[in-house]
$ cat input07.csv   # CSV, C-alpha atoms and all ligand atoms
chain,number,residue,atom,x,y,z
A,878,MET,CA,30.8,-17.3,-6.4
A,879,LEU,CA,30.5,-13.9,-8.1
A,880,GLY,CA,27.2,-13.0,-9.8
A,881,LEU,CA,26.1,-10.0,-11.9
A,882,GLY,CA,22.4,-9.2,-11.7
A,883,ILE,CA,20.6,-7.0,-14.2
A,884,GLU,CA,17.2,-5.4,-13.3
A,885,SER,CA,15.1,-3.6,-16.0
A,886,THR,CA,11.5,-4.5,-15.3
A,887,ALA,CA,10.1,-0.9,-15.2
A,888,HIS,CA,11.6,2.5,-14.3
A,889,THR,CA,15.0,1.3,-13.0
A,890,PHE,CA,18.0,0.0,-15.0
A,891,SER,CA,20.4,-1.5,-12.5
A,892,CYS,CA,23.5,-3.7,-12.4
A,893,ALA,CA,24.9,-5.2,-9.2
A,894,ILE,CA,27.6,-7.7,-8.3
A,895,LEU,CA,27.3,-9.9,-5.3
A,896,GLU,CA,29.6,-12.4,-3.8
A,897,LYS,CA,28.1,-15.6,-2.3
A,898,LYS,CA,30.2,-17.6,0.3
A,899,GLY,CA,28.2,-20.6,1.6
A,900,LYS,CA,24.8,-19.1,2.6
A,901,LYS,CA,26.2,-15.6,3.1
A,902,GLY,CA,26.0,-12.8,0.5
A,903,LYS,CA,27.9,-9.6,0.2
A,904,ILE,CA,26.9,-6.7,-2.1
A,905,LEU,CA,30.1,-5.5,-3.9
A,906,SER,CA,28.3,-2.9,-6.1
A,907,ASP,CA,24.8,-1.8,-7.0
A,908,ILE,CA,24.4,0.9,-9.6
A,909,ARG,CA,21.1,2.3,-10.8
A,910,LYS,CA,19.7,4.8,-13.2
A,911,ILE,CA,16.0,5.6,-12.9
A,912,TYR,CA,13.8,6.8,-15.8
A,913,ARG,CA,11.8,9.8,-14.7
A,914,PRO,CA,8.8,10.7,-16.8
A,915,PRO,CA,7.7,14.4,-17.0
A,916,ASP,CA,5.8,15.7,-13.9
A,917,GLY,CA,2.3,14.4,-13.8
A,918,GLU,CA,2.9,11.5,-16.2
A,919,GLY,CA,3.4,7.8,-15.8
A,920,ILE,CA,6.0,5.4,-17.3
A,921,HIS,CA,5.9,5.3,-21.1
A,922,PRO,CA,7.3,1.8,-21.8
A,923,ARG,CA,9.0,2.8,-25.0
A,924,GLU,CA,10.6,5.9,-23.4
A,925,ALA,CA,11.7,3.8,-20.4
A,926,SER,CA,13.2,1.2,-22.6
A,927,ARG,CA,15.1,3.9,-24.6
A,928,HIS,CA,16.4,5.2,-21.2
A,929,HIS,CA,17.6,1.7,-20.3
A,930,ALA,CA,19.3,1.1,-23.7
A,931,GLU,CA,21.1,4.5,-23.5
A,932,ASN,CA,22.3,4.0,-19.9
A,933,SER,CA,23.0,0.3,-19.9
A,934,SER,CA,26.7,0.4,-20.8
A,935,GLU,CA,27.5,3.2,-18.3
A,936,VAL,CA,25.7,1.4,-15.5
A,937,LEU,CA,27.4,-1.9,-16.3
A,938,SER,CA,30.9,-0.4,-16.4
A,939,GLU,CA,30.4,1.6,-13.2
A,940,CYS,CA,29.1,-1.6,-11.5
A,941,LEU,CA,32.2,-3.6,-12.6
A,942,GLN,CA,34.6,-0.8,-11.6
A,943,LYS,CA,33.0,-0.2,-8.2
A,944,ALA,CA,33.2,-4.0,-7.4
A,945,GLY,CA,36.8,-4.2,-8.7
A,946,VAL,CA,35.7,-7.1,-10.9
A,947,LYS,CA,36.3,-8.0,-14.6
A,948,ILE,CA,33.6,-9.6,-16.7
A,949,ASN,CA,35.7,-12.7,-17.0
A,950,ASP,CA,35.8,-13.1,-13.2
A,951,LEU,CA,32.0,-13.5,-13.1
A,952,ASP,CA,30.7,-17.0,-12.4
A,953,ILE,CA,27.1,-16.3,-13.4
A,954,ILE,CA,24.9,-13.6,-15.0
A,955,SER,CA,21.2,-13.2,-13.9
A,956,TYR,CA,18.6,-10.9,-15.4
A,957,ALA,CA,15.0,-10.1,-14.3
A,958,ALA,CA,12.9,-12.0,-16.9
A,959,GLY,CA,9.5,-10.8,-15.6
A,960,PRO,CA,7.0,-9.8,-14.6
A,961,GLY,CA,7.3,-6.3,-16.0
A,962,LEU,CA,7.0,-4.0,-19.1
A,963,GLY,CA,8.0,-5.9,-22.3
A,964,PRO,CA,10.2,-3.3,-23.9
A,965,CYS,CA,12.0,-2.6,-20.6
A,966,LEU,CA,12.5,-6.3,-19.8
A,967,ARG,CA,14.0,-6.9,-23.3
A,968,ILE,CA,16.9,-4.5,-22.7
A,969,GLY,CA,18.0,-6.4,-19.6
A,970,ALA,CA,17.7,-9.7,-21.4
A,971,VAL,CA,19.7,-8.5,-24.4
A,972,VAL,CA,22.5,-7.2,-22.2
A,973,ALA,CA,22.6,-10.5,-20.2
A,974,ARG,CA,22.4,-12.7,-23.3
A,975,SER,CA,25.2,-10.7,-25.1
A,976,LEU,CA,27.6,-10.9,-22.2
A,977,ALA,CA,26.8,-14.6,-21.5
A,978,SER,CA,27.3,-15.7,-25.1
A,979,TYR,CA,30.5,-13.6,-25.7
A,980,TYR,CA,32.2,-14.4,-22.4
A,981,LYS,CA,30.7,-18.0,-22.1
A,982,ILE,CA,29.2,-17.4,-18.7
A,983,PRO,CA,26.1,-19.3,-17.4
A,984,VAL,CA,22.9,-17.2,-17.5
A,985,TYR,CA,19.9,-17.3,-15.2
A,986,PRO,CA,16.4,-15.7,-15.8
A,987,VAL,CA,15.1,-14.6,-12.4
A,988,ASN,CA,11.5,-13.8,-11.3
A,989,HIS,CA,11.5,-10.1,-10.2
A,990,ALA,CA,9.1,-10.6,-7.2
A,991,LEU,CA,11.3,-13.5,-6.0
A,992,GLY,CA,14.3,-11.2,-6.2
A,993,HIS,CA,12.5,-8.7,-3.8
A,994,ILE,CA,11.9,-11.5,-1.3
A,995,GLU,CA,15.3,-13.3,-1.4
A,996,LEU,CA,17.3,-10.1,-1.0
A,997,GLY,CA,15.0,-9.0,1.8
A,998,LYS,CA,15.5,-12.3,3.6
A,999,MET,CA,19.3,-12.1,3.1
A,1000,LEU,CA,19.6,-8.6,4.4
A,1001,THR,CA,17.3,-8.9,7.4
A,1002,GLY,CA,18.0,-12.5,8.4
A,1003,ALA,CA,14.3,-13.5,8.3
A,1004,LYS,CA,14.1,-17.3,8.0
A,1005,ASP,CA,10.5,-18.3,7.3
A,1006,PRO,CA,8.5,-15.1,7.1
A,1007,LEU,CA,5.0,-14.2,6.0
A,1008,VAL,CA,6.0,-11.7,3.2
A,1009,LEU,CA,4.2,-8.5,2.3
A,1010,LEU,CA,5.4,-7.4,-1.2
A,1011,VAL,CA,4.2,-3.9,-1.8
A,1012,SER,CA,5.7,-2.1,-4.9
A,1013,GLY,CA,4.8,-0.5,-8.2
A,1014,GLY,CA,4.0,-3.9,-9.7
A,1015,HIS,CA,2.8,-5.9,-6.8
A,1016,THR,CA,0.6,-6.0,-3.7
A,1017,MET,CA,0.7,-9.5,-2.4
A,1018,ILE,CA,0.8,-11.4,1.0
A,1019,LEU,CA,2.9,-14.6,0.6
A,1020,ALA,CA,4.1,-17.6,2.5
A,1021,PHE,CA,6.4,-20.4,1.4
A,1022,LEU,CA,4.9,-23.9,1.3
A,1023,SER,CA,5.9,-27.0,-0.6
A,1024,LYS,CA,8.4,-25.4,-3.0
A,1025,LYS,CA,6.3,-22.3,-3.9
A,1026,TRP,CA,5.5,-18.9,-2.6
A,1027,ARG,CA,1.7,-19.1,-2.1
A,1028,VAL,CA,-0.5,-16.1,-2.2
A,1029,PHE,CA,-2.6,-15.4,1.0
A,1030,GLY,CA,-4.1,-12.1,-0.2
A,1031,GLU,CA,-3.5,-9.7,-3.0
A,1032,THR,CA,-4.9,-6.6,-4.8
A,1033,LEU,CA,-8.0,-7.2,-7.0
A,1034,ASP,CA,-7.1,-4.2,-9.1
A,1035,ILE,CA,-4.3,-1.7,-8.9
A,1036,THR,CA,-1.2,-2.1,-6.7
A,1037,LEU,CA,-0.4,0.0,-3.6
A,1038,GLY,CA,2.5,1.7,-5.5
A,1039,GLN,CA,0.2,2.5,-8.4
A,1040,LEU,CA,-2.4,4.0,-6.0
A,1041,LEU,CA,0.2,6.3,-4.4
A,1042,ASP,CA,1.8,7.2,-7.8
A,1043,GLN,CA,-1.5,7.9,-9.5
A,1044,ILE,CA,-2.7,10.2,-6.7
A,1045,GLY,CA,0.7,12.0,-6.8
A,1046,ARG,CA,0.6,12.4,-10.5
A,1047,SER,CA,-3.0,13.8,-10.4
A,1048,ALA,CA,-1.6,16.4,-8.0
A,1049,GLY,CA,1.2,17.2,-10.5
A,1050,PHE,CA,4.2,15.5,-8.8
A,1051,ALA,CA,7.0,13.6,-10.5
A,1052,SER,CA,6.6,9.8,-10.5
A,1053,PRO,CA,7.3,7.8,-8.4
A,1054,CYS,CA,5.4,9.8,-5.8
A,1055,GLY,CA,5.4,7.6,-2.6
A,1056,THR,CA,8.0,9.6,-0.7
A,1057,LYS,CA,6.3,13.0,-1.5
A,1058,ILE,CA,3.0,11.6,-0.3
A,1059,GLU,CA,4.6,10.4,2.9
A,1060,GLU,CA,6.1,13.8,3.5
A,1061,LEU,CA,2.8,15.6,3.0
A,1062,ALA,CA,0.8,13.0,5.0
A,1063,ALA,CA,3.1,13.7,8.0
A,1064,LYS,CA,1.9,17.3,8.1
A,1065,SER,CA,-1.8,16.4,8.8
A,1066,THR,CA,-3.8,14.6,11.4
A,1067,ASN,CA,-7.2,15.4,9.9
A,1068,TYR,CA,-8.8,12.2,8.7
A,1069,VAL,CA,-11.4,12.5,5.9
A,1070,ASN,CA,-13.6,9.4,5.4
A,1071,LEU,CA,-12.5,7.3,2.3
A,1072,PRO,CA,-13.7,3.9,1.0
A,1073,TYR,CA,-12.1,1.0,2.8
A,1074,VAL,CA,-12.4,-2.2,0.8
A,1075,VAL,CA,-11.2,-5.6,2.0
A,1076,LYS,CA,-12.8,-8.6,0.4
A,1077,GLY,CA,-12.0,-11.8,2.1
A,1078,ASN,CA,-8.3,-11.5,2.3
A,1079,ASP,CA,-7.9,-9.3,-0.8
A,1080,VAL,CA,-7.9,-5.6,-1.1
A,1081,SER,CA,-9.3,-3.2,-3.8
A,1082,PHE,CA,-7.8,0.3,-4.2
A,1083,SER,CA,-9.7,1.6,-7.3
A,1084,GLY,CA,-12.6,3.2,-5.3
A,1085,LEU,CA,-10.1,4.7,-2.9
A,1086,LEU,CA,-8.2,6.2,-5.9
A,1087,SER,CA,-11.2,8.0,-7.3
A,1088,ALA,CA,-12.4,9.2,-3.9
A,1089,THR,CA,-9.0,10.6,-2.9
A,1090,LYS,CA,-8.7,12.5,-6.2
A,1091,GLN,CA,-12.0,14.2,-5.3
A,1092,ILE,CA,-10.8,15.4,-1.9
A,1093,ILE,CA,-7.5,16.8,-3.1
A,1094,PRO,CA,-8.9,20.2,-3.9
A,1095,LYS,CA,-10.1,20.6,-0.3
A,1096,GLY,CA,-6.6,20.0,1.1
A,1097,LEU,CA,-3.7,18.1,-0.3
A,1098,GLU,CA,-2.1,17.2,3.1
A,1099,ASP,CA,-5.4,15.9,4.6
A,1100,ALA,CA,-5.9,13.9,1.4
A,1101,CYS,CA,-2.4,12.3,1.6
A,1102,PHE,CA,-2.9,11.6,5.3
A,1103,SER,CA,-6.3,10.0,4.8
A,1104,LEU,CA,-5.1,8.0,1.8
A,1105,GLN,CA,-2.2,6.5,3.7
A,1106,GLU,CA,-4.3,5.7,6.8
A,1107,THR,CA,-7.0,4.0,4.8
A,1108,ALA,CA,-4.8,2.1,2.4
A,1109,PHE,CA,-2.3,1.0,5.1
A,1110,ALA,CA,-5.1,-0.1,7.5
A,1111,MET,CA,-6.6,-2.2,4.7
A,1112,ILE,CA,-3.2,-3.9,4.1
A,1113,GLY,CA,-2.8,-4.2,7.9
A,1114,GLU,CA,-6.1,-6.1,8.2
A,1115,ALA,CA,-5.4,-8.5,5.4
A,1116,THR,CA,-1.8,-9.1,6.7
A,1117,GLU,CA,-3.1,-9.7,10.3
A,1118,ARG,CA,-5.6,-12.3,9.0
A,1119,ALA,CA,-2.9,-14.1,7.0
A,1120,LEU,CA,-0.6,-14.1,10.0
A,1121,SER,CA,-3.2,-15.6,12.2
A,1122,PHE,CA,-4.1,-18.2,9.5
A,1123,THR,CA,-0.6,-19.3,8.7
A,1124,GLY,CA,0.7,-19.0,12.3
A,1125,LYS,CA,4.0,-17.5,11.0
A,1126,LYS,CA,6.2,-16.0,13.6
A,1127,GLU,CA,8.0,-13.5,11.3
A,1128,LEU,CA,6.7,-10.8,9.0
A,1129,LEU,CA,8.9,-9.3,6.3
A,1130,ILE,CA,7.9,-6.2,4.2
A,1131,VAL,CA,9.7,-5.8,0.8
A,1132,GLY,CA,9.1,-3.7,-2.3
A,1133,GLY,CA,9.4,0.1,-2.8
A,1134,VAL,CA,6.5,1.0,-0.5
A,1135,ALA,CA,8.4,-0.8,2.4
A,1136,ALA,CA,10.3,2.5,2.6
A,1137,ASN,CA,7.2,4.1,4.2
A,1138,LYS,CA,7.5,4.6,8.0
A,1139,ARG,CA,3.8,4.8,8.7
A,1140,LEU,CA,3.2,1.5,7.0
A,1141,SER,CA,5.9,-0.1,9.2
A,1142,GLU,CA,4.3,1.4,12.3
A,1143,ILE,CA,1.0,-0.1,11.5
A,1144,LEU,CA,2.5,-3.5,10.7
A,1145,GLN,CA,4.7,-3.4,13.7
A,1146,SER,CA,1.6,-3.1,16.0
A,1147,VAL,CA,0.1,-6.1,14.1
A,1148,CYS,CA,3.2,-8.1,14.9
A,1149,LYS,CA,3.2,-7.1,18.5
A,1150,ARG,CA,-0.4,-8.5,18.9
A,1151,HIS,CA,0.7,-11.8,17.3
A,1152,ASN,CA,4.1,-12.1,19.1
A,1153,CYS,CA,5.7,-12.1,15.7
A,1154,LYS,CA,9.2,-10.7,14.7
A,1155,PHE,CA,9.0,-7.7,12.4
A,1156,PHE,CA,11.5,-7.3,9.5
A,1157,VAL,CA,11.6,-4.6,6.8
A,1158,SER,CA,13.9,-4.4,3.8
A,1159,PRO,CA,16.5,-1.7,4.3
A,1160,ARG,CA,15.3,1.5,2.5
A,1161,GLN,CA,18.2,1.5,0.0
A,1162,TYR,CA,17.3,-2.0,-1.2
A,1163,ALA,CA,13.5,-1.9,-0.8
A,1164,GLY,CA,12.9,-0.7,-4.4
A,1165,ASP,CA,13.9,-2.4,-7.6
A,1166,CYS,CA,17.7,-3.1,-7.9
A,1167,GLY,CA,20.2,-5.4,-9.5
A,1168,SER,CA,21.2,-6.9,-6.1
A,1169,GLN,CA,17.8,-8.6,-5.9
A,1170,ILE,CA,18.4,-10.3,-9.2
A,1171,SER,CA,22.0,-11.2,-8.6
A,1172,TRP,CA,21.4,-12.8,-5.2
A,1173,THR,CA,18.4,-14.9,-6.4
A,1174,GLY,CA,20.5,-16.1,-9.4
A,1175,LEU,CA,23.3,-17.0,-7.1
A,1176,LEU,CA,20.9,-19.0,-4.9
A,1177,GLU,CA,19.5,-20.8,-8.0
A,1178,SER,CA,23.1,-21.6,-9.2
A,1179,SER,CA,23.6,-23.8,-6.1
A,1180,ILE,CA,21.2,-26.4,-7.5
A,1181,LYS,CA,20.7,-25.6,-11.2
A,1182,GLN,CA,22.8,-25.0,-14.3
A,1183,GLY,CA,22.1,-21.8,-16.3
A,1184,VAL,CA,19.6,-21.9,-19.2
A,1185,PRO,CA,20.5,-22.3,-22.9
A,1186,LEU,CA,20.7,-18.9,-24.7
A,1187,GLU,CA,17.5,-19.7,-26.7
A,1188,GLU,CA,15.6,-19.9,-23.4
A,1189,THR,CA,16.7,-16.4,-22.3
A,1190,PHE,CA,13.3,-14.9,-23.1
A,1191,VAL,CA,11.2,-12.5,-21.1
A,1192,ARG,CA,7.7,-13.1,-19.6
A,1193,GLN,CA,5.7,-10.0,-18.9
A,1194,SER,CA,3.1,-11.7,-16.7
A,1195,TRP,CA,5.2,-14.2,-14.9
A,1196,ARG,CA,3.4,-14.8,-11.6
A,1197,LEU,CA,5.5,-15.6,-8.6
A,1198,ASP,CA,3.2,-18.4,-7.4
A,1199,THR,CA,4.1,-20.4,-10.6
A,1200,VAL,CA,7.8,-20.5,-9.8
A,1201,GLU,CA,9.3,-23.7,-8.2
A,1202,VAL,CA,12.0,-22.8,-5.7
A,1203,MET,CA,14.3,-25.8,-5.2
A,1204,TYR,CA,17.3,-24.3,-3.3
A,1301,LIG,P1,9.4,-0.8,-6.8
A,1301,LIG,O1,8.4,-1.1,-7.9
A,1301,LIG,O2,9.7,-1.9,-5.9
A,1301,LIG,O3,10.7,-0.1,-7.3
A,1301,LIG,O4,8.7,0.3,-5.9
A,1301,LIG,C1,8.3,1.6,-6.4
A,1301,LIG,C2,7.1,2.1,-5.7
A,1301,LIG,O5,7.5,2.4,-4.3
A,1301,LIG,C3,6.6,3.4,-6.3
A,1301,LIG,O6,5.2,3.2,-6.4
A,1301,LIG,C4,6.9,4.4,-5.2
A,1301,LIG,O7,5.9,5.5,-5.2
A,1301,LIG,C5,6.9,3.6,-3.9
A,1301,LIG,N1,7.6,4.2,-2.8
A,1301,LIG,C6,8.9,4.6,-2.8
A,1301,LIG,N2,9.2,5.2,-1.6
A,1301,LIG,C7,8.0,5.2,-0.9
A,1301,LIG,C8,7.6,5.7,0.4
A,1301,LIG,N3,8.5,6.3,1.2
A,1301,LIG,N4,6.3,5.6,0.8
A,1301,LIG,C9,5.4,5.0,0.0
A,1301,LIG,N5,5.7,4.5,-1.2
A,1301,LIG,C10,7.0,4.6,-1.6
A,1302,MG,MG,9.6,-4.2,-7.9

$ encode --input "input07.csv" --output "structure tokens" --more "lines below"
Ligand code: AMP
Ligand code: MG
Amino acid sequence: MLGLGIESTAHTFSCAILEKKGKKGKILSDIRKIYRPPDGEGIHPREASRHHAENSSEVLSECLQKAGVKINDLDIISYAAGPGLGPCLRIGAVVARSLASYYKIPVYPVNHALGHIELGKMLTGAKDPLVLLVSGGHTMILAFLSKKWRVFGETLDITLGQLLDQIGRSAGFASPCGTKIEELAAKSTNYVNLPYVVKGNDVSFSGLLSATKQIIPKGLEDACFSLQETAFAMIGEATERALSFTGKKELLIVGGVAANKRLSEILQSVCKRHNCKFFVSPRQYAGDCGSQISWTGLLESSIKQGVPLEETFVRQSWRLDTVEVMY
């Protein structure tokens, strides 16, 4: 089975082609173009969607060319139908719908968060993990039970990715800022006290955001170091409690923030204490990409027909814990 996946939920427009043979998947191509707002500014949904519209045909043709595949060879087309920014989501949906209707190929709307998890599982070999999804759009601790990914902890306000990006932007960096903050944090070992807020098994980052902004003028590297140590320790505590509660023997981190080495170090030590295997999405596929969408669509196609064209809409606030996973 050959599947095209289209991702356009936020800053990234990406097309990927994967081949599924039995339970195995192979990435044939994964092409991305990322919308970069001016330094110090966040994503403007209209500008990001303009970026996606202008780049979609180039990304699609490069993706087909690299995979050595013609559109007619595709068995299915999948697109990220949500959650995400409405204007951005609509570009991916329009591309998917147009190709599907013209070439008569079955089309699959895919939940973006599920895409992060399924590709992470496929690439790492994790079977039944507790999942930590940390990205620009999500901060969630999840475990699979009775056909759904259930939430065992999440952010009560902004996501971990937003926290890092907002701090970075206030220091004048180009968004996304996680990598830059990681580099600066590695240059300090001077911890400055910051608010640490874990409520039950949920975390709250808004107080940490304001307090970190206040200490930036006293030393950017110390601020980045202290921010990472505080935020990652909070996530570590919530994850450890969920591991202990669910008794899972695998932990998988997915989402753009999974690229952070310090976060992995902290979670690896949590896993050691619980005799649990540690998996992290490969850096190249941790952030948003078409492969996540293509692979999830291919999994769904093993038990479900595609949807009629009139149902190829987008859902900006489509929560993962409402999705039934039947494959
Ligand atoms: P996604 O929404 O999955 O594409 O993830 C994007 C988020 O990942 C952004 O908030 C980035 O700042 C963040 N990110 C990317 N690389 C790193 C890193 N090395 N450390 C921390 N955060 C990162
Ligand atoms: Mg994402």

$ closest_residue --input "input07.csv" --among "A:Ala990, A:Ile1170, A:Leu1009, A:Met878" --to "ligand LIG 1301 (chain A)" --atoms "only C-alpha atoms and all ligand atoms"
A:Ala990

$ residues_around --input "input07.csv" --residues "A:Gly917" --least-positions-apart "4" --cutoff "9 Å" --atoms "only C-alpha atoms" --output "CSV table (one decimal) with C-alpha atoms, in the coordinates of the input"
chain,number,residue,atom,x,y,z
A,1043,GLN,CA,-1.5,7.9,-9.5
A,1045,GLY,CA,0.7,12.0,-6.8
A,1046,ARG,CA,0.6,12.4,-10.5
A,1047,SER,CA,-3.0,13.8,-10.4
A,1048,ALA,CA,-1.6,16.4,-8.0
A,1049,GLY,CA,1.2,17.2,-10.5
A,1050,PHE,CA,4.2,15.5,-8.8
A,1051,ALA,CA,7.0,13.6,-10.5
A,1052,SER,CA,6.6,9.8,-10.5

$ atom_distance --input "input07.csv" --atom1 "atom CA of A:Ile1035" --atom2 "atom CA of A:Arg1139"
20.4 Å

$ residues_near_point --input "input07.csv" --point "(9.0, 0.7, -22.6)" --cutoff "10 Å" --atoms "all atoms listed in the file" --output "list in words"
Ser885, Thr886, Ala887, His888, Ile920, His921, Pro922, Arg923, Glu924, Ala925, Ser926, Arg927, His928, His929, Gly961, Leu962, Gly963, Pro964, Cys965, Leu966, Arg967 and Ile968 of chain A

$ closest_residue --input "input07.csv" --among "A:Tyr1073, A:Arg909, A:Pro1185, A:Glu995" --to "A:Tyr1204" --atoms "only C-alpha atoms"
A:Glu995

$ residues_around --input "input07.csv" --residues "A:Val1080" --least-positions-apart "6" --cutoff "12 Å" --atoms "all atoms listed in the file" --output "PyMOL selection string"
chain A and resi 1016-1018+1029-1037+1072-1074+1107-1116

$ closest_residue --input "input07.csv" --among "A:Ile911, A:Val1184, A:Val1202, A:Met999" --to "ligand LIG 1301 (chain A)" --atoms "all atoms listed in the file"
A:Ile911

$ residues_near_ligand --input "input07.csv" --ligand "ligand MG 1302 (chain A)" --cutoff "8 Å" --atoms "only C-alpha atoms and all ligand atoms" --output "list in words"
Thr886, His989, Ala990, His993, Ser1012, Gly1013, Gly1014, His1015, Gly1132, Gly1133, Gly1164 and Asp1165 of chain A

$ closest_residue --input "input07.csv" --among "A:Gln1105, A:Ser1168, A:Gln1193, A:Ser934" --to "A:Leu895" --atoms "all atoms listed in the file"
A:Ser1168

$ atom_distance --input "input07.csv" --atom1 "atom CA of A:Leu1000" --atom2 "atom CA of A:Pro1159"
7.6 Å

$ closest_residue --input "input07.csv" --among "A:Glu1060, A:Glu935, A:Asp1099, A:Glu1187" --to "ligand LIG 1301 (chain A)" --atoms "all atoms listed in the file"
A:Glu1060
